[in-house]
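Okay, coords.txt now, which holds compact mmCIF, C-alpha atoms:
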# COMPACT_ATOMS: atom_id res chain seq x y z
CA MET C 1 -49.86 -38.24 57.12
CA TRP C 2 -47.19 -35.63 57.92
CA SER C 3 -44.90 -36.87 60.72
CA GLY C 4 -43.37 -33.47 61.46
CA THR C 5 -40.23 -33.67 59.32
CA SER C 6 -39.42 -31.29 56.50
CA ASP C 7 -38.56 -34.22 54.20
CA ASN C 8 -42.17 -35.37 54.28
CA ILE C 9 -43.35 -31.88 53.44
CA THR C 10 -41.15 -31.89 50.33
CA GLN C 11 -42.36 -35.34 49.29
CA GLN C 12 -46.08 -34.99 49.99
CA VAL C 13 -47.01 -31.38 49.20
CA PRO C 14 -47.67 -30.91 45.45
CA ARG C 15 -45.68 -28.05 43.99
CA ASN C 16 -47.82 -27.84 40.85
CA TYR C 17 -51.35 -27.13 42.02
CA MET C 18 -54.40 -24.90 41.77
CA PHE C 19 -55.70 -22.73 44.57
CA GLY C 20 -58.87 -20.77 43.87
CA GLU C 21 -58.28 -18.85 40.63
CA HIS C 22 -54.50 -19.25 40.78
CA VAL C 23 -52.42 -21.99 39.13
CA PHE C 24 -48.95 -22.59 40.57
CA ILE C 25 -46.36 -24.35 38.40
CA LEU C 26 -43.32 -24.52 40.66
CA ASP C 27 -41.77 -27.86 39.75
CA GLU C 28 -41.11 -30.16 36.81
CA ILE C 29 -44.14 -30.60 34.58
CA THR C 30 -44.82 -34.33 34.78
CA SER C 31 -47.95 -36.49 34.81
CA ASP C 32 -47.41 -37.21 38.52
CA ASN C 33 -46.71 -33.61 39.53
CA CYS C 34 -49.65 -32.23 37.53
CA ALA C 35 -52.31 -34.91 38.07
CA TYR C 36 -54.38 -32.93 40.60
CA LEU C 37 -53.62 -29.62 38.88
CA ILE C 38 -55.01 -30.81 35.53
CA GLY C 39 -58.10 -32.22 37.22
CA ASP C 40 -58.79 -28.96 39.10
CA LEU C 41 -58.00 -26.82 36.04
CA THR C 42 -60.34 -28.88 33.83
CA ALA C 43 -63.15 -28.53 36.37
CA PHE C 44 -62.58 -24.75 36.58
CA VAL C 45 -62.52 -24.20 32.81
CA MET C 46 -65.60 -26.35 32.20
CA ASN C 47 -67.67 -24.67 34.92
CA GLN C 48 -69.99 -22.07 33.36
CA ALA C 49 -69.91 -20.07 36.58
CA ASN C 50 -66.26 -19.23 35.80
CA TYR C 51 -66.85 -17.96 32.26
CA GLY C 52 -65.58 -14.39 31.96
CA LYS C 53 -63.35 -14.66 35.03
CA ARG C 54 -59.57 -14.27 35.31
CA LEU C 55 -57.11 -17.12 35.87
CA ASP C 56 -53.51 -16.48 37.01
CA PHE C 57 -50.59 -18.83 36.29
CA ILE C 58 -47.57 -18.37 38.58
CA ILE C 59 -44.62 -20.06 36.86
CA ASN C 60 -41.15 -21.00 38.08
CA SER C 61 -40.33 -24.34 36.46
CA PRO C 62 -37.51 -25.96 34.45
CA GLY C 63 -40.03 -27.63 32.11
CA GLY C 64 -41.06 -31.24 31.69
CA GLU C 65 -43.16 -33.65 29.65
CA VAL C 66 -44.54 -32.49 26.31
CA SER C 67 -47.82 -34.43 26.60
CA VAL C 68 -48.60 -32.81 29.97
CA MET C 69 -47.63 -29.39 28.60
CA MET C 70 -49.98 -29.86 25.62
CA ASN C 71 -52.79 -30.81 28.01
CA ILE C 72 -52.30 -27.59 29.99
CA ILE C 73 -52.02 -25.44 26.84
CA GLY C 74 -55.20 -27.06 25.55
CA LEU C 75 -56.99 -26.10 28.77
CA ILE C 76 -55.63 -22.53 28.48
CA ASN C 77 -57.04 -22.30 24.94
CA LEU C 78 -60.36 -23.71 26.15
CA ALA C 79 -60.39 -21.07 28.91
CA LYS C 80 -59.92 -18.36 26.26
CA ILE C 81 -62.85 -19.75 24.27
CA HIS C 82 -64.94 -19.43 27.43
CA ASP C 83 -63.84 -15.79 27.78
CA ILE C 84 -61.60 -16.53 30.77
CA THR C 85 -58.61 -14.17 30.81
CA VAL C 86 -55.42 -16.16 31.44
CA VAL C 87 -52.56 -14.11 32.89
CA THR C 88 -49.17 -15.82 33.13
CA PHE C 89 -46.50 -14.58 35.53
CA VAL C 90 -42.91 -15.79 35.08
CA LEU C 91 -41.29 -14.88 38.39
CA GLY C 92 -38.20 -17.12 38.25
CA ARG C 93 -37.53 -19.24 35.19
CA ALA C 94 -39.70 -20.74 32.50
CA GLY C 95 -37.76 -23.49 30.81
CA SER C 96 -38.82 -25.53 27.80
CA ALA C 97 -42.39 -26.77 28.45
CA ALA C 98 -42.91 -24.09 31.13
CA SER C 99 -41.90 -21.42 28.61
CA LEU C 100 -44.48 -22.64 26.11
CA ILE C 101 -47.19 -22.58 28.78
CA ALA C 102 -46.18 -19.03 29.78
CA VAL C 103 -46.32 -17.62 26.23
CA HIS C 104 -49.89 -18.86 25.71
CA GLY C 105 -51.45 -16.52 28.26
CA THR C 106 -53.88 -13.82 27.21
CA GLU C 107 -51.51 -11.46 29.02
CA ARG C 108 -47.89 -12.46 29.75
CA VAL C 109 -46.01 -10.82 32.62
CA ILE C 110 -42.34 -11.42 33.47
CA SER C 111 -40.25 -10.27 36.40
CA ARG C 112 -37.22 -8.10 35.69
CA VAL C 113 -34.90 -10.87 36.93
CA ALA C 114 -36.77 -13.84 35.40
CA THR C 115 -35.74 -15.83 32.30
CA HIS C 116 -37.15 -18.00 29.53
CA PHE C 117 -35.34 -21.01 28.13
CA VAL C 118 -36.42 -21.85 24.57
CA HIS C 119 -35.92 -25.57 24.12
CA PHE C 120 -37.75 -28.15 22.02
CA GLY C 121 -36.86 -31.01 24.32
CA SER C 122 -35.47 -34.46 23.54
CA ILE C 123 -36.85 -37.82 22.47
CA PHE C 124 -34.96 -40.83 23.79
CA ASP C 125 -35.15 -44.07 21.85
CA ILE C 126 -32.76 -46.96 21.17
CA THR C 127 -32.97 -49.08 18.06
CA SER C 128 -30.68 -50.83 15.62
CA LYS C 129 -33.02 -51.02 12.64
CA TYR C 130 -32.53 -48.53 9.84
CA SER C 131 -36.27 -48.24 9.16
CA GLU C 132 -36.93 -47.41 12.81
CA ILE C 133 -34.05 -44.91 12.95
CA LYS C 134 -35.50 -43.10 9.93
CA LYS C 135 -38.96 -43.13 11.50
CA ILE C 136 -37.58 -41.66 14.73
CA CYS C 137 -35.84 -38.90 12.75
CA ASP C 138 -39.08 -38.08 10.92
CA GLN C 139 -41.00 -38.02 14.21
CA ASN C 140 -38.38 -35.73 15.79
CA GLU C 141 -38.60 -33.36 12.84
CA GLU C 142 -42.41 -33.27 13.02
CA TYR C 143 -42.22 -32.76 16.79
CA ALA C 144 -39.77 -29.84 16.40
CA GLU C 145 -42.00 -28.19 13.76
CA ASN C 146 -44.99 -28.42 16.12
CA MET C 147 -42.98 -26.77 18.92
CA LYS C 148 -41.92 -24.00 16.52
CA LYS C 149 -45.53 -23.38 15.50
CA LEU C 150 -46.59 -23.07 19.13
CA TYR C 151 -43.94 -20.38 19.72
CA LEU C 152 -44.44 -18.52 16.43
CA ASP C 153 -48.24 -18.35 16.86
CA ALA C 154 -47.88 -17.05 20.42
CA CYS C 155 -45.20 -14.45 19.59
CA ASP C 156 -47.42 -12.65 17.08
CA GLY C 157 -44.77 -12.00 14.42
CA LYS C 158 -42.09 -10.62 16.76
CA LEU C 159 -40.05 -13.82 16.54
CA SER C 160 -38.89 -15.14 13.16
CA LYS C 161 -38.45 -18.84 12.45
CA GLU C 162 -34.72 -18.28 11.83
CA MET C 163 -34.24 -16.56 15.19
CA LEU C 164 -36.26 -19.28 16.93
CA ASP C 165 -34.00 -21.97 15.43
CA ARG C 166 -30.97 -20.02 16.62
CA LEU C 167 -32.33 -19.58 20.14
CA GLN C 168 -33.32 -23.21 20.67
CA SER C 169 -30.00 -24.53 19.32
CA ASP C 170 -28.17 -22.93 22.26
CA GLU C 171 -28.54 -25.34 25.19
CA ARG C 172 -27.40 -22.58 27.59
CA GLY C 173 -29.29 -19.77 25.93
CA TYR C 174 -31.52 -18.11 28.51
CA LEU C 175 -33.51 -15.03 27.46
CA ASN C 176 -33.74 -12.16 29.94
CA ALA C 177 -36.91 -10.12 30.50
CA HIS C 178 -36.16 -7.44 27.90
CA GLN C 179 -35.31 -10.07 25.28
CA CYS C 180 -38.61 -11.80 26.05
CA ILE C 181 -40.44 -8.53 25.40
CA LYS C 182 -38.46 -8.00 22.18
CA TYR C 183 -39.25 -11.47 20.80
CA GLY C 184 -42.89 -11.51 21.93
CA LEU C 185 -42.59 -14.10 24.69
CA ALA C 186 -43.94 -11.60 27.24
CA ASP C 187 -46.02 -8.42 27.19
CA TYR C 188 -45.01 -6.59 30.36
CA ILE C 189 -42.09 -6.44 32.77
CA LEU C 190 -43.64 -6.55 36.23
CA GLU C 191 -41.44 -3.96 37.92
CA GLU C 192 -41.62 -1.52 35.01
CA SER C 193 -45.41 -1.78 35.04
CA LEU C 194 -45.34 -1.00 38.77
CA ASP C 195 -42.98 1.93 38.14
CA ALA C 196 -45.31 3.25 35.45
CA LYS C 197 -48.31 2.85 37.75
CA ASN C 198 -46.48 4.64 40.56
CA TYR C 199 -45.42 7.38 38.13
CA GLU C 200 -48.97 7.84 36.91
CA GLU C 201 -50.20 8.00 40.49
CA SER C 202 -47.43 10.46 41.39
CA GLU C 203 -48.23 12.53 38.30
CA ARG C 204 -51.93 12.47 39.21
CA ASN C 205 -51.17 13.54 42.77
CA GLU C 206 -48.94 16.32 41.45
CA PHE C 207 -51.71 17.47 39.12
CA GLU C 208 -54.21 17.41 41.99
CA GLU C 209 -51.84 19.46 44.15
CA LEU C 210 -51.31 21.99 41.34
CA PHE C 211 -55.05 22.17 40.70
CA LYS C 212 -55.71 22.66 44.42
CA LYS C 213 -53.07 25.42 44.54
CA HIS C 214 -54.57 27.03 41.45
CA LEU C 215 -58.03 26.86 43.04
CA ASP C 216 -56.75 28.33 46.33
CA ASP C 217 -55.00 31.16 44.45
CA LYS C 218 -58.15 31.83 42.46
CA ILE C 219 -60.26 31.99 45.63
CA LYS C 220 -57.72 34.32 47.27
CA LYS C 221 -57.70 36.60 44.21
CA GLU C 222 -61.51 36.68 44.14
CA LYS C 223 -61.63 37.53 47.85
CA LEU C 224 -59.00 40.24 47.38
CA ALA C 225 -60.88 41.66 44.38
CA LYS C 226 -64.14 41.76 46.38
CA LYS C 227 -62.36 43.43 49.30
CA GLN C 228 -60.80 46.03 47.00
CA GLN C 229 -64.13 46.58 45.30
CA LYS C 230 -65.81 47.06 48.66
CA THR C 231 -63.08 49.46 49.81
CA SER C 232 -63.37 51.38 46.53
CA LYS C 233 -67.15 51.69 46.98
CA LYS C 234 -66.68 53.00 50.51
CA LYS C 235 -64.14 55.58 49.28
CA THR C 236 -66.46 56.62 46.46
CA ALA C 237 -69.40 56.91 48.85
CA LYS C 238 -67.29 58.91 51.34
CA SER C 239 -66.03 61.23 48.59
CA SER C 240 -69.57 61.81 47.32
CA LYS C 241 -70.72 62.62 50.85
CA SER C 242 -67.90 65.14 51.32
CA LYS C 243 -68.71 66.91 48.05
CA LYS C 244 -72.37 67.07 49.01
CA GLU C 245 -71.51 68.65 52.38
CA VAL C 246 -69.29 71.25 50.68
CA ASN C 247 -72.08 72.16 48.25
CA ASN C 248 -74.54 72.54 51.11
CA ASP C 249 -72.16 74.91 52.93
CA LYS C 250 -72.05 77.10 49.85

Produce structure tokens that represent the structure in this file.
Amino acid sequence: MWSGTSDNITQQVPRNYMFGEHVFILDEITSDNCAYLIGDLTAFVMNQANYGKRLDFIINSPGGEVSVMMNIIGLINLAKIHDITVVTFVLGRAGSAASLIAVHGTERVISRVATHFVHFGSIFDITSKYSEIKKICDQNEEYAENMKKLYLDACDGKLSKEMLDRLQSDERGYLNAHQCIKYGLADYILEESLDAKNYEESERNEFEELFKKHLDDKIKKEKLAKKQQKTSKKKTAKSSKSKKEVNNDK
């Protein structure tokens, strides 16, 4: 129960949650933080009434646990199978696990000021046995290869394996919005899409104004032509009448 202090709000309100057809990932991706989210997301994806709908992911997270990330990516893929369009929005940062979730959307949108952090994570283990050390190394290598495959498949050929290795080796290497577009981590920059939409609307309005002006000018010209034609007929009729009167006088 909330007692009225802001501390309790921070502790009790989940920052990774689902509301309607919107998924909010605004904190570390952990089993505790995502327990309700994964339950709600599973129910949404499995409900036939939602097939063919759209699902929005709003992301601003430093990353988190790989197993939880894989669960969410699995649900995203299941949503795609059920013809649910998944749109991911990176509005702050998408680090590590959050980045991998973001790149798996059907459509990937990023804010002009947002960033991705490509990072394969870390496995912590302590042992003194050579056989176990070797096994841990092999597991780490397999784990890294799986992370690479997830990125490479999602980036649709725009990101090479060599560049991916270089990016993830830099522990302070954040990618800005335009780099994300370049390497296939995102499809659209939010503000540029809005600018384009506004430009198209402005261009359409300008065309409508020009067309209206053209139509008005055409109507004016037609009216003027009719008026001149009418005046010309009157003059012709008056001239014919005058000639007839002259002939009669003769």

Near stretch 177-184 of chain C, within 8 Å and counting only C-alpha atoms, which residues show up once chain neighbours fewer than 5 positions away are dropped, as a list of chain:residue names?
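So, after excluding close chain neighbours, the residues are C:Ile110, C:Ser111, C:Arg112, C:Val113, C:Ala114, C:Thr115, C:His116, C:Ala154, C:Cys155, C:Asp156, C:Gly157, C:Lys158, C:Leu159, C:Ile189.
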
Report the distance between atom CA of C:Glu28 and atom CA of C:Ile72 in Å, rounded to one decimal place.
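Separation between atom CA of C:Glu28 and atom CA of C:Ile72: 13.4 Å.
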
Using all atoms listed in the file, which of C:Ala97, C:Ile73, C:Gly105, C:Asn60 sits nearest C:Asp187?
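Under the stated criterion, the closest residue is C:Gly105.
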
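Atom to atom, atom CA of C:Gly92 and atom CA of C:Ile25 stand 10.9 Å apart.
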
Nearest to C:Ile76 among C:Thr30, C:Asn50, C:Thr106, C:Asn146, with distances taken over only C-alpha atoms: which residue is it?
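Checking each of C:Thr30, C:Asn50, C:Thr106, C:Asn146 against C:Ile76, counting only C-alpha atoms, the winner is C:Thr106.
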
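Take the candidates C:Leu167, C:Asp32, C:Tyr188, C:Leu175 and check each one against C:Glu107 using all atoms listed in the file; the shortest distance goes to C:Tyr188.
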
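Checking C:Asp153, C:Asp83, C:Asp165, C:Asp27 one by one against C:Glu65, counting all atoms listed in the file, you find the shortest gap at C:Asp27.
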
What is the atom CA of C:His119 to atom CA of C:Tyr174 distance in Å?
9.7 Å

Non-local contacts of C:Gly64 (12 Å; only C-alpha atoms; under 4 positions in same chain excluded) as a PDB file with C-alpha atoms, in the coordinates of the input:
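Produced file part-v8.pdb, reproduced below:
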ATOM      1  CA  ASN C  16     -47.820 -27.840  40.850  1.00  0.00           C
ATOM      2  CA  ILE C  25     -46.360 -24.350  38.400  1.00  0.00           C
ATOM      3  CA  LEU C  26     -43.320 -24.520  40.660  1.00  0.00           C
ATOM      4  CA  ASP C  27     -41.770 -27.860  39.750  1.00  0.00           C
ATOM      5  CA  GLU C  28     -41.110 -30.160  36.810  1.00  0.00           C
ATOM      6  CA  ILE C  29     -44.140 -30.600  34.580  1.00  0.00           C
ATOM      7  CA  THR C  30     -44.820 -34.330  34.780  1.00  0.00           C
ATOM      8  CA  SER C  31     -47.950 -36.490  34.810  1.00  0.00           C
ATOM      9  CA  ASP C  32     -47.410 -37.210  38.520  1.00  0.00           C
ATOM     10  CA  ASN C  33     -46.710 -33.610  39.530  1.00  0.00           C
ATOM     11  CA  CYS C  34     -49.650 -32.230  37.530  1.00  0.00           C
ATOM     12  CA  VAL C  68     -48.600 -32.810  29.970  1.00  0.00           C
ATOM     13  CA  MET C  69     -47.630 -29.390  28.600  1.00  0.00           C
ATOM     14  CA  MET C  70     -49.980 -29.860  25.620  1.00  0.00           C
ATOM     15  CA  ILE C  72     -52.300 -27.590  29.990  1.00  0.00           C
ATOM     16  CA  ALA C  94     -39.700 -20.740  32.500  1.00  0.00           C
ATOM     17  CA  GLY C  95     -37.760 -23.490  30.810  1.00  0.00           C
ATOM     18  CA  SER C  96     -38.820 -25.530  27.800  1.00  0.00           C
ATOM     19  CA  ALA C  97     -42.390 -26.770  28.450  1.00  0.00           C
ATOM     20  CA  ALA C  98     -42.910 -24.090  31.130  1.00  0.00           C
ATOM     21  CA  SER C  99     -41.900 -21.420  28.610  1.00  0.00           C
ATOM     22  CA  LEU C 100     -44.480 -22.640  26.110  1.00  0.00           C
ATOM     23  CA  ILE C 101     -47.190 -22.580  28.780  1.00  0.00           C
ATOM     24  CA  HIS C 119     -35.920 -25.570  24.120  1.00  0.00           C
ATOM     25  CA  PHE C 120     -37.750 -28.150  22.020  1.00  0.00           C
ATOM     26  CA  GLY C 121     -36.860 -31.010  24.320  1.00  0.00           C
ATOM     27  CA  SER C 122     -35.470 -34.460  23.540  1.00  0.00           C
TER      28      SER C 122
END

Choose the residue, out of C:Phe117, C:Asn77, C:Asp217, C:Glu191, that has the smallest atom-to-atom separation from C:Ser169; count all atoms listed in the file.
C:Phe117

Which one is closest to C:Leu91: C:Val45, C:Val66, C:Ile38, C:Ile58? Count all atoms listed in the file.
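Going through C:Val45, C:Val66, C:Ile38, C:Ile58 one by one, the smallest distance to C:Leu91 is for C:Ile58.
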